[in-house]
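Text of query21.cif, listed as mmCIF, C-alpha atoms:
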data_coords
#
loop_
_atom_site.group_PDB
_atom_site.id
_atom_site.type_symbol
_atom_site.label_atom_id
_atom_site.label_comp_id
_atom_site.auth_asym_id
_atom_site.auth_seq_id
_atom_site.Cartn_x
_atom_site.Cartn_y
_atom_site.Cartn_z
ATOM 1 C CA MET A 1 -3.318 -4.722 -23.683
ATOM 2 C CA THR A 2 -2.010 -7.354 -21.304
ATOM 3 C CA GLU A 3 -3.826 -7.936 -18.019
ATOM 4 C CA LYS A 4 -0.881 -6.273 -16.251
ATOM 5 C CA GLU A 5 -1.224 -3.186 -18.456
ATOM 6 C CA LYS A 6 -4.978 -3.081 -17.801
ATOM 7 C CA MET A 7 -4.341 -3.359 -14.052
ATOM 8 C CA ILE A 8 -1.871 -0.475 -13.987
ATOM 9 C CA ALA A 9 -4.172 1.648 -16.173
ATOM 10 C CA GLY A 10 -7.070 1.209 -13.732
ATOM 11 C CA GLU A 11 -9.141 -0.883 -16.133
ATOM 12 C CA ILE A 12 -10.962 -4.127 -15.345
ATOM 13 C CA TYR A 13 -8.451 -6.974 -15.451
ATOM 14 C CA ASP A 14 -8.243 -10.686 -14.669
ATOM 15 C CA ALA A 15 -6.362 -11.081 -11.381
ATOM 16 C CA TYR A 16 -5.879 -14.805 -12.124
ATOM 17 C CA ASP A 17 -3.889 -14.057 -15.287
ATOM 18 C CA GLU A 18 -0.760 -16.248 -15.515
ATOM 19 C CA GLU A 19 1.652 -13.302 -15.715
ATOM 20 C CA LEU A 20 0.076 -11.634 -12.677
ATOM 21 C CA ASN A 21 0.095 -14.925 -10.748
ATOM 22 C CA SER A 22 3.799 -15.273 -11.502
ATOM 23 C CA LEU A 23 4.529 -11.682 -10.450
ATOM 24 C CA ARG A 24 2.640 -12.132 -7.167
ATOM 25 C CA ASN A 25 4.469 -15.373 -6.418
ATOM 26 C CA HIS A 26 7.834 -13.713 -7.057
ATOM 27 C CA CYS A 27 6.835 -10.826 -4.793
ATOM 28 C CA ARG A 28 5.814 -13.228 -2.017
ATOM 29 C CA GLN A 29 9.157 -14.992 -2.252
ATOM 30 C CA MET A 30 10.993 -11.694 -1.913
ATOM 31 C CA THR A 31 8.869 -10.469 0.992
ATOM 32 C CA ALA A 32 9.388 -13.813 2.727
ATOM 33 C CA ARG A 33 13.137 -13.225 2.431
ATOM 34 C CA LEU A 34 12.746 -9.685 3.727
ATOM 35 C CA ASN A 35 10.589 -10.741 6.664
ATOM 36 C CA GLY A 36 12.973 -13.552 7.543
ATOM 37 C CA LEU A 37 16.015 -11.309 7.897
ATOM 38 C CA ASP A 38 17.368 -10.058 11.187
ATOM 39 C CA ILE A 39 15.940 -6.610 11.845
ATOM 40 C CA ALA A 40 19.506 -5.282 12.195
ATOM 41 C CA ASP A 41 20.566 -6.530 8.742
ATOM 42 C CA HIS A 42 20.030 -3.109 7.180
ATOM 43 C CA LYS A 43 22.197 -3.706 4.107
ATOM 44 C CA GLU A 44 20.468 -6.843 2.830
ATOM 45 C CA ARG A 45 17.032 -5.510 3.726
ATOM 46 C CA ALA A 46 17.755 -2.350 1.711
ATOM 47 C CA GLU A 47 18.992 -4.446 -1.222
ATOM 48 C CA ILE A 48 15.777 -6.493 -1.296
ATOM 49 C CA LEU A 49 13.593 -3.394 -1.100
ATOM 50 C CA SER A 50 15.547 -1.727 -3.927
ATOM 51 C CA VAL A 51 14.726 -4.691 -6.188
ATOM 52 C CA LEU A 52 11.214 -5.361 -4.888
ATOM 53 C CA LEU A 53 9.743 -1.844 -4.961
ATOM 54 C CA GLY A 54 9.093 0.550 -7.827
ATOM 55 C CA SER A 55 11.375 2.981 -6.009
ATOM 56 C CA CYS A 56 12.779 3.079 -2.505
ATOM 57 C CA GLY A 57 14.330 6.097 -0.789
ATOM 58 C CA GLU A 58 17.087 6.273 1.771
ATOM 59 C CA ASN A 59 16.592 4.915 5.297
ATOM 60 C CA VAL A 60 13.457 2.880 4.648
ATOM 61 C CA PHE A 61 12.706 0.714 7.690
ATOM 62 C CA ILE A 62 10.022 -1.994 7.516
ATOM 63 C CA ILE A 63 9.707 -4.593 10.276
ATOM 64 C CA ASN A 64 7.616 -6.963 8.162
ATOM 65 C CA ALA A 65 5.352 -6.473 5.185
ATOM 66 C CA GLN A 66 3.263 -8.052 2.455
ATOM 67 C CA PHE A 67 2.974 -6.597 -1.044
ATOM 68 C CA ASP A 68 0.932 -7.912 -3.950
ATOM 69 C CA TYR A 69 3.467 -6.895 -6.595
ATOM 70 C CA GLY A 70 6.017 -4.531 -5.065
ATOM 71 C CA PHE A 71 6.884 -2.821 -8.368
ATOM 72 C CA ASN A 72 3.793 -0.635 -8.033
ATOM 73 C CA THR A 73 4.851 0.840 -4.657
ATOM 74 C CA TYR A 74 7.049 3.962 -4.456
ATOM 75 C CA ILE A 75 8.418 4.971 -1.048
ATOM 76 C CA GLY A 76 10.360 8.144 -0.192
ATOM 77 C CA ASP A 77 13.220 8.762 2.232
ATOM 78 C CA GLU A 78 13.076 8.248 6.000
ATOM 79 C CA PHE A 79 10.125 5.869 5.977
ATOM 80 C CA SER A 80 9.216 3.637 8.924
ATOM 81 C CA ALA A 81 6.565 0.906 9.054
ATOM 82 C CA ASN A 82 5.774 -1.119 12.156
ATOM 83 C CA PHE A 83 4.500 -4.732 12.280
ATOM 84 C CA ASN A 84 2.256 -6.176 9.531
ATOM 85 C CA PHE A 85 2.379 -3.488 6.857
ATOM 86 C CA THR A 86 0.189 -4.666 3.938
ATOM 87 C CA VAL A 87 0.175 -3.034 0.497
ATOM 88 C CA LEU A 88 -2.145 -4.519 -2.137
ATOM 89 C CA ASP A 89 -0.424 -2.560 -4.875
ATOM 90 C CA CYS A 90 -2.368 -3.552 -7.975
ATOM 91 C CA ALA A 91 -2.581 0.203 -8.624
ATOM 92 C CA PRO A 92 0.315 2.592 -8.005
ATOM 93 C CA VAL A 93 0.932 3.527 -4.365
ATOM 94 C CA HIS A 94 3.048 6.649 -3.858
ATOM 95 C CA ILE A 95 4.330 7.430 -0.352
ATOM 96 C CA GLY A 96 6.291 10.596 0.422
ATOM 97 C CA ARG A 97 9.187 11.359 2.751
ATOM 98 C CA HIS A 98 9.219 11.087 6.552
ATOM 99 C CA VAL A 99 6.136 8.862 6.756
ATOM 100 C CA LEU A 100 5.411 6.810 9.888
ATOM 101 C CA ILE A 101 3.163 3.745 9.643
ATOM 102 C CA GLY A 102 1.781 2.058 12.769
ATOM 103 C CA PRO A 103 1.132 -1.676 13.233
ATOM 104 C CA ASN A 104 -1.446 -3.502 11.107
ATOM 105 C CA VAL A 105 -1.925 -0.805 8.477
ATOM 106 C CA THR A 106 -3.395 -1.863 5.119
ATOM 107 C CA ILE A 107 -3.083 0.113 1.881
ATOM 108 C CA ALA A 108 -5.847 -1.269 -0.359
ATOM 109 C CA PRO A 109 -6.181 -0.109 -3.991
ATOM 110 C CA PRO A 110 -8.246 -3.120 -5.225
ATOM 111 C CA MET A 111 -11.894 -2.590 -6.093
ATOM 112 C CA HIS A 112 -14.364 -5.410 -6.684
ATOM 113 C CA PRO A 113 -17.705 -5.177 -8.517
ATOM 114 C CA LEU A 114 -20.751 -4.718 -6.314
ATOM 115 C CA VAL A 115 -22.930 -7.063 -8.369
ATOM 116 C CA ALA A 116 -22.281 -10.644 -7.265
ATOM 117 C CA GLU A 117 -22.207 -12.348 -10.678
ATOM 118 C CA GLU A 118 -19.594 -9.829 -11.870
ATOM 119 C CA ARG A 119 -17.546 -10.253 -8.699
ATOM 120 C CA ASN A 120 -17.618 -14.050 -8.425
ATOM 121 C CA ILE A 121 -14.751 -16.252 -9.562
ATOM 122 C CA ARG A 122 -15.702 -17.971 -12.806
ATOM 123 C CA THR A 123 -14.348 -20.948 -14.762
ATOM 124 C CA ASP A 124 -14.169 -20.932 -18.559
ATOM 125 C CA GLY A 125 -14.586 -23.883 -20.966
ATOM 126 C CA ASP A 126 -10.876 -24.738 -20.689
ATOM 127 C CA GLY A 127 -11.104 -25.016 -16.911
ATOM 128 C CA ARG A 128 -9.240 -21.745 -16.318
ATOM 129 C CA ARG A 129 -10.428 -19.649 -13.413
ATOM 130 C CA HIS A 130 -10.901 -15.877 -13.678
ATOM 131 C CA LEU A 131 -11.363 -13.096 -11.134
ATOM 132 C CA TYR A 132 -12.188 -9.669 -12.523
ATOM 133 C CA GLU A 133 -11.426 -6.520 -10.554
ATOM 134 C CA TYR A 134 -9.971 -3.047 -10.971
ATOM 135 C CA ALA A 135 -7.867 -0.782 -8.805
ATOM 136 C CA LYS A 136 -7.464 2.880 -7.904
ATOM 137 C CA PRO A 137 -4.140 4.521 -7.021
ATOM 138 C CA ILE A 138 -3.289 5.843 -3.557
ATOM 139 C CA VAL A 139 -1.084 8.819 -2.696
ATOM 140 C CA ILE A 140 0.258 9.460 0.805
ATOM 141 C CA GLY A 141 2.078 12.762 1.137
ATOM 142 C CA SER A 142 5.195 13.602 3.121
ATOM 143 C CA ASN A 143 5.410 13.966 6.913
ATOM 144 C CA VAL A 144 2.330 11.795 7.462
ATOM 145 C CA TRP A 145 1.695 9.631 10.532
ATOM 146 C CA ILE A 146 -0.773 6.778 10.020
ATOM 147 C CA ALA A 147 -1.535 5.166 13.382
ATOM 148 C CA SER A 148 -2.259 1.497 14.064
ATOM 149 C CA ASN A 149 -5.031 -0.553 12.405
ATOM 150 C CA VAL A 150 -5.794 1.953 9.646
ATOM 151 C CA VAL A 151 -7.121 0.953 6.220
ATOM 152 C CA VAL A 152 -6.549 3.327 3.289
ATOM 153 C CA MET A 153 -8.907 2.598 0.386
ATOM 154 C CA GLY A 154 -8.274 2.922 -3.346
ATOM 155 C CA GLY A 155 -8.480 6.353 -4.946
ATOM 156 C CA VAL A 156 -7.505 8.240 -1.772
ATOM 157 C CA THR A 157 -4.933 11.010 -1.414
ATOM 158 C CA ILE A 158 -3.669 11.889 2.072
ATOM 159 C CA GLY A 159 -2.093 15.344 2.103
ATOM 160 C CA ASP A 160 1.242 16.365 3.583
ATOM 161 C CA ASN A 161 1.651 16.645 7.365
ATOM 162 C CA CYS A 162 -1.519 14.704 8.220
ATOM 163 C CA VAL A 163 -2.199 12.463 11.201
ATOM 164 C CA ILE A 164 -4.638 9.574 10.668
ATOM 165 C CA GLY A 165 -5.980 8.247 13.972
ATOM 166 C CA ALA A 166 -5.885 4.598 14.995
ATOM 167 C CA GLY A 167 -8.595 2.337 13.599
ATOM 168 C CA SER A 168 -9.613 4.721 10.816
ATOM 169 C CA VAL A 169 -10.938 3.636 7.430
ATOM 170 C CA VAL A 170 -9.878 6.291 4.914
ATOM 171 C CA THR A 171 -12.372 6.358 2.038
ATOM 172 C CA LYS A 172 -11.971 9.989 0.867
ATOM 173 C CA ASP A 173 -9.146 12.464 0.378
ATOM 174 C CA ILE A 174 -7.692 14.054 3.511
ATOM 175 C CA PRO A 175 -6.428 17.653 3.104
ATOM 176 C CA PRO A 176 -2.921 18.601 4.252
ATOM 177 C CA ASN A 177 -2.115 19.645 7.824
ATOM 178 C CA THR A 178 -5.104 17.955 9.445
ATOM 179 C CA VAL A 179 -5.955 15.322 12.032
ATOM 180 C CA ALA A 180 -8.515 12.823 10.730
ATOM 181 C CA VAL A 181 -10.082 9.843 12.506
ATOM 182 C CA GLY A 182 -12.984 7.422 12.295
ATOM 183 C CA ALA A 183 -14.666 4.869 10.083
ATOM 184 C CA PRO A 184 -15.249 6.434 7.681
ATOM 185 C CA CYS A 185 -12.321 8.771 8.389
ATOM 186 C CA ARG A 186 -13.198 12.459 8.796
ATOM 187 C CA VAL A 187 -11.139 15.557 9.445
ATOM 188 C CA ILE A 188 -11.598 16.733 13.025
ATOM 189 C CA ARG A 189 -9.262 19.718 13.011
ATOM 190 C CA GLU A 190 -6.200 21.396 11.565
ATOM 191 C CA ILE A 191 -2.715 20.966 13.002
ATOM 192 C CA THR A 192 -1.377 24.311 14.238
ATOM 193 C CA ASP A 193 1.601 25.746 16.153
ATOM 194 C CA ASP A 194 -0.443 25.214 19.339
ATOM 195 C CA ASP A 195 0.212 21.482 18.887
ATOM 196 C CA ARG A 196 3.950 21.900 19.388
ATOM 197 C CA ILE A 197 5.220 20.213 22.566
ATOM 198 C CA GLY A 198 8.470 22.143 22.756
ATOM 199 C CA PHE A 199 10.643 19.241 21.661
ATOM 200 C CA ASP A 200 13.420 20.250 19.271
ATOM 201 C CA ARG A 201 16.773 18.539 18.722
#
Just give me the structure of the file as structure tokens.
Amino acid sequence: MTEKEKMIAGEIYDAYDEELNSLRNHCRQMTARLNGLDIADHKERAEILSVLLGSCGENVFIINAQFDYGFNTYIGDEFSANFNFTVLDCAPVHIGRHVLIGPNVTIAPPMHPLVAEERNIRTDGDGRRHLYEYAKPIVIGSNVWIASNVVVMGGVTIGDNCVIGAGSVVTKDIPPNTVAVGAPCRVIREITDDDRIGFDR
């Protein structure tokens, strides 16, 4: 298997592999183009996202973002991300429809070994550097609001219709139709019809 194939499969891989370095550099060039465009240039922004991402739905609005690879991120229709959206997509990241992302949200699939000598960057006899890690996929359902300064960790699934409160660190699955907050993030209650504010257009 190539290091890219190992990465996508969730196995331990060398993040300093030449192919992965090249893919990350290409992704950074594309996100730099995206971030440099006028916010009103919807056509060109949509064209970049359609090439950059694994899949991109209709009406995807991102003010500015950073992706590791791009091809491993799949975003549904009617998506909106505020300032500084970061997706370290070394494992697949699936995001549903009608998702709202607040400022400074990080989606973080990478996992590093706990034991220092396994985690440390190493240099082989040829002078090549290696960094070994693995990654866990993330799934964010439809109709989810993730408020500002949230970190979603690898291996997590956030169910449909959830609200994740500002500043949360999501380390475990969040069931559908709930409000969850905190570090670590915990469900505090279900969302019910009593939460309606009478706004309907």
Residues matched by the PyMOL selection byres ((chain A and resi 32-47) around 8), written as a PyMOL selection string: chain A and resi 28-31+48-51+60+63-65
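Proximity of A:Arg189, A:Lys6, A:Arg128, A:His94 to A:Ile75, computed with all atoms listed in the file, is greatest for A:His94.
Among the candidates A:Asn143, A:Gly125, A:Val87, A:Thr157, the residue lying nearest to A:Asn177 is A:Asn143 (atoms considered: all atoms listed in the file).
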Residue with smallest distance to A:Ala135 - pool A:Asn21, A:Arg122, A:Gly167, A:Ile107, counting only C-alpha atoms: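 Once distances to A:Ala135 are computed over only C-alpha atoms, the minimum belongs to A:Ile107.
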Pairwise distance for atom CA of A:Asn25 and atom CA of A:Gly96, rounded to one decimal in Å: 26.9 Å
Counting only C-alpha atoms, which residues have an atom no more than 8 Å from (3.0, -5.3, -7.3) in the file's coordinates? Please list them as an mmCIF file with C-alpha atoms, keeping the file's coordinate frame.
data_model
loop_
_atom_site.group_PDB
_atom_site.id
_atom_site.type_symbol
_atom_site.label_atom_id
_atom_site.label_comp_id
_atom_site.auth_asym_id
_atom_site.auth_seq_id
_atom_site.Cartn_x
_atom_site.Cartn_y
_atom_site.Cartn_z
ATOM 1 C CA LEU A 23 4.529 -11.682 -10.450
ATOM 2 C CA ARG A 24 2.640 -12.132 -7.167
ATOM 3 C CA CYS A 27 6.835 -10.826 -4.793
ATOM 4 C CA LEU A 53 9.743 -1.844 -4.961
ATOM 5 C CA PHE A 67 2.974 -6.597 -1.044
ATOM 6 C CA ASP A 68 0.932 -7.912 -3.950
ATOM 7 C CA TYR A 69 3.467 -6.895 -6.595
ATOM 8 C CA GLY A 70 6.017 -4.531 -5.065
ATOM 9 C CA PHE A 71 6.884 -2.821 -8.368
ATOM 10 C CA ASN A 72 3.793 -0.635 -8.033
ATOM 11 C CA THR A 73 4.851 0.840 -4.657
ATOM 12 C CA LEU A 88 -2.145 -4.519 -2.137
ATOM 13 C CA ASP A 89 -0.424 -2.560 -4.875
ATOM 14 C CA CYS A 90 -2.368 -3.552 -7.975
ATOM 15 C CA ALA A 91 -2.581 0.203 -8.624
#
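Applied to the file shown here, the PyMOL selection byres ((chain A and resi 183) around 7) selects Ser168, Val169, Gly182, Pro184 and Cys185 of chain A.
With distances taken over all atoms listed in the file, A:Val99 is the one residue among A:Ile174, A:Val99, A:Met153, A:Ile140 lying closest to A:Gly57.
Atom CA of A:Asp194 lies 22.0 Å from atom CA of A:Ile158.
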Target residues per the PyMOL selection byres ((chain A and resi 79-81) around 10), formatted as JSON, numbers by chain: {"A": [56, 57, 58, 59, 60, 61, 62, 63, 64, 65, 75, 76, 77, 78, 82, 83, 84, 85, 86, 95, 96, 97, 98, 99, 100, 101, 102, 103, 104, 105, 142, 143, 144, 145, 146]}
Distance in Å - atom CA of A:His130 versus atom CA of A:Ala9: 18.9 Å
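Between A:Gly159 and the residues A:Leu52, A:Ile191, A:Gly127, A:Thr178, the shortest atom-to-atom distance, using only C-alpha atoms, involves A:Thr178.
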Counting only C-alpha atoms, the option among A:Ile197, A:Glu118, A:Pro176, A:Gly155 closest to A:Pro137: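 Closest residue, counting only C-alpha atoms: A:Gly155.
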Nearby residues (only C-alpha atoms) at most 6 Å from A:Val179, same-chain spacing under 2 positions excluded, as a list in words: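 Close residues of A:Val179: Cys162, Val163, Val187, Ile188 and Arg189 of chain A.
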Distance query 6 Å from (-12.4, -7.2, -9.4) using only C-alpha atoms, result as number ranges by chain: A: 111-113, 132-134
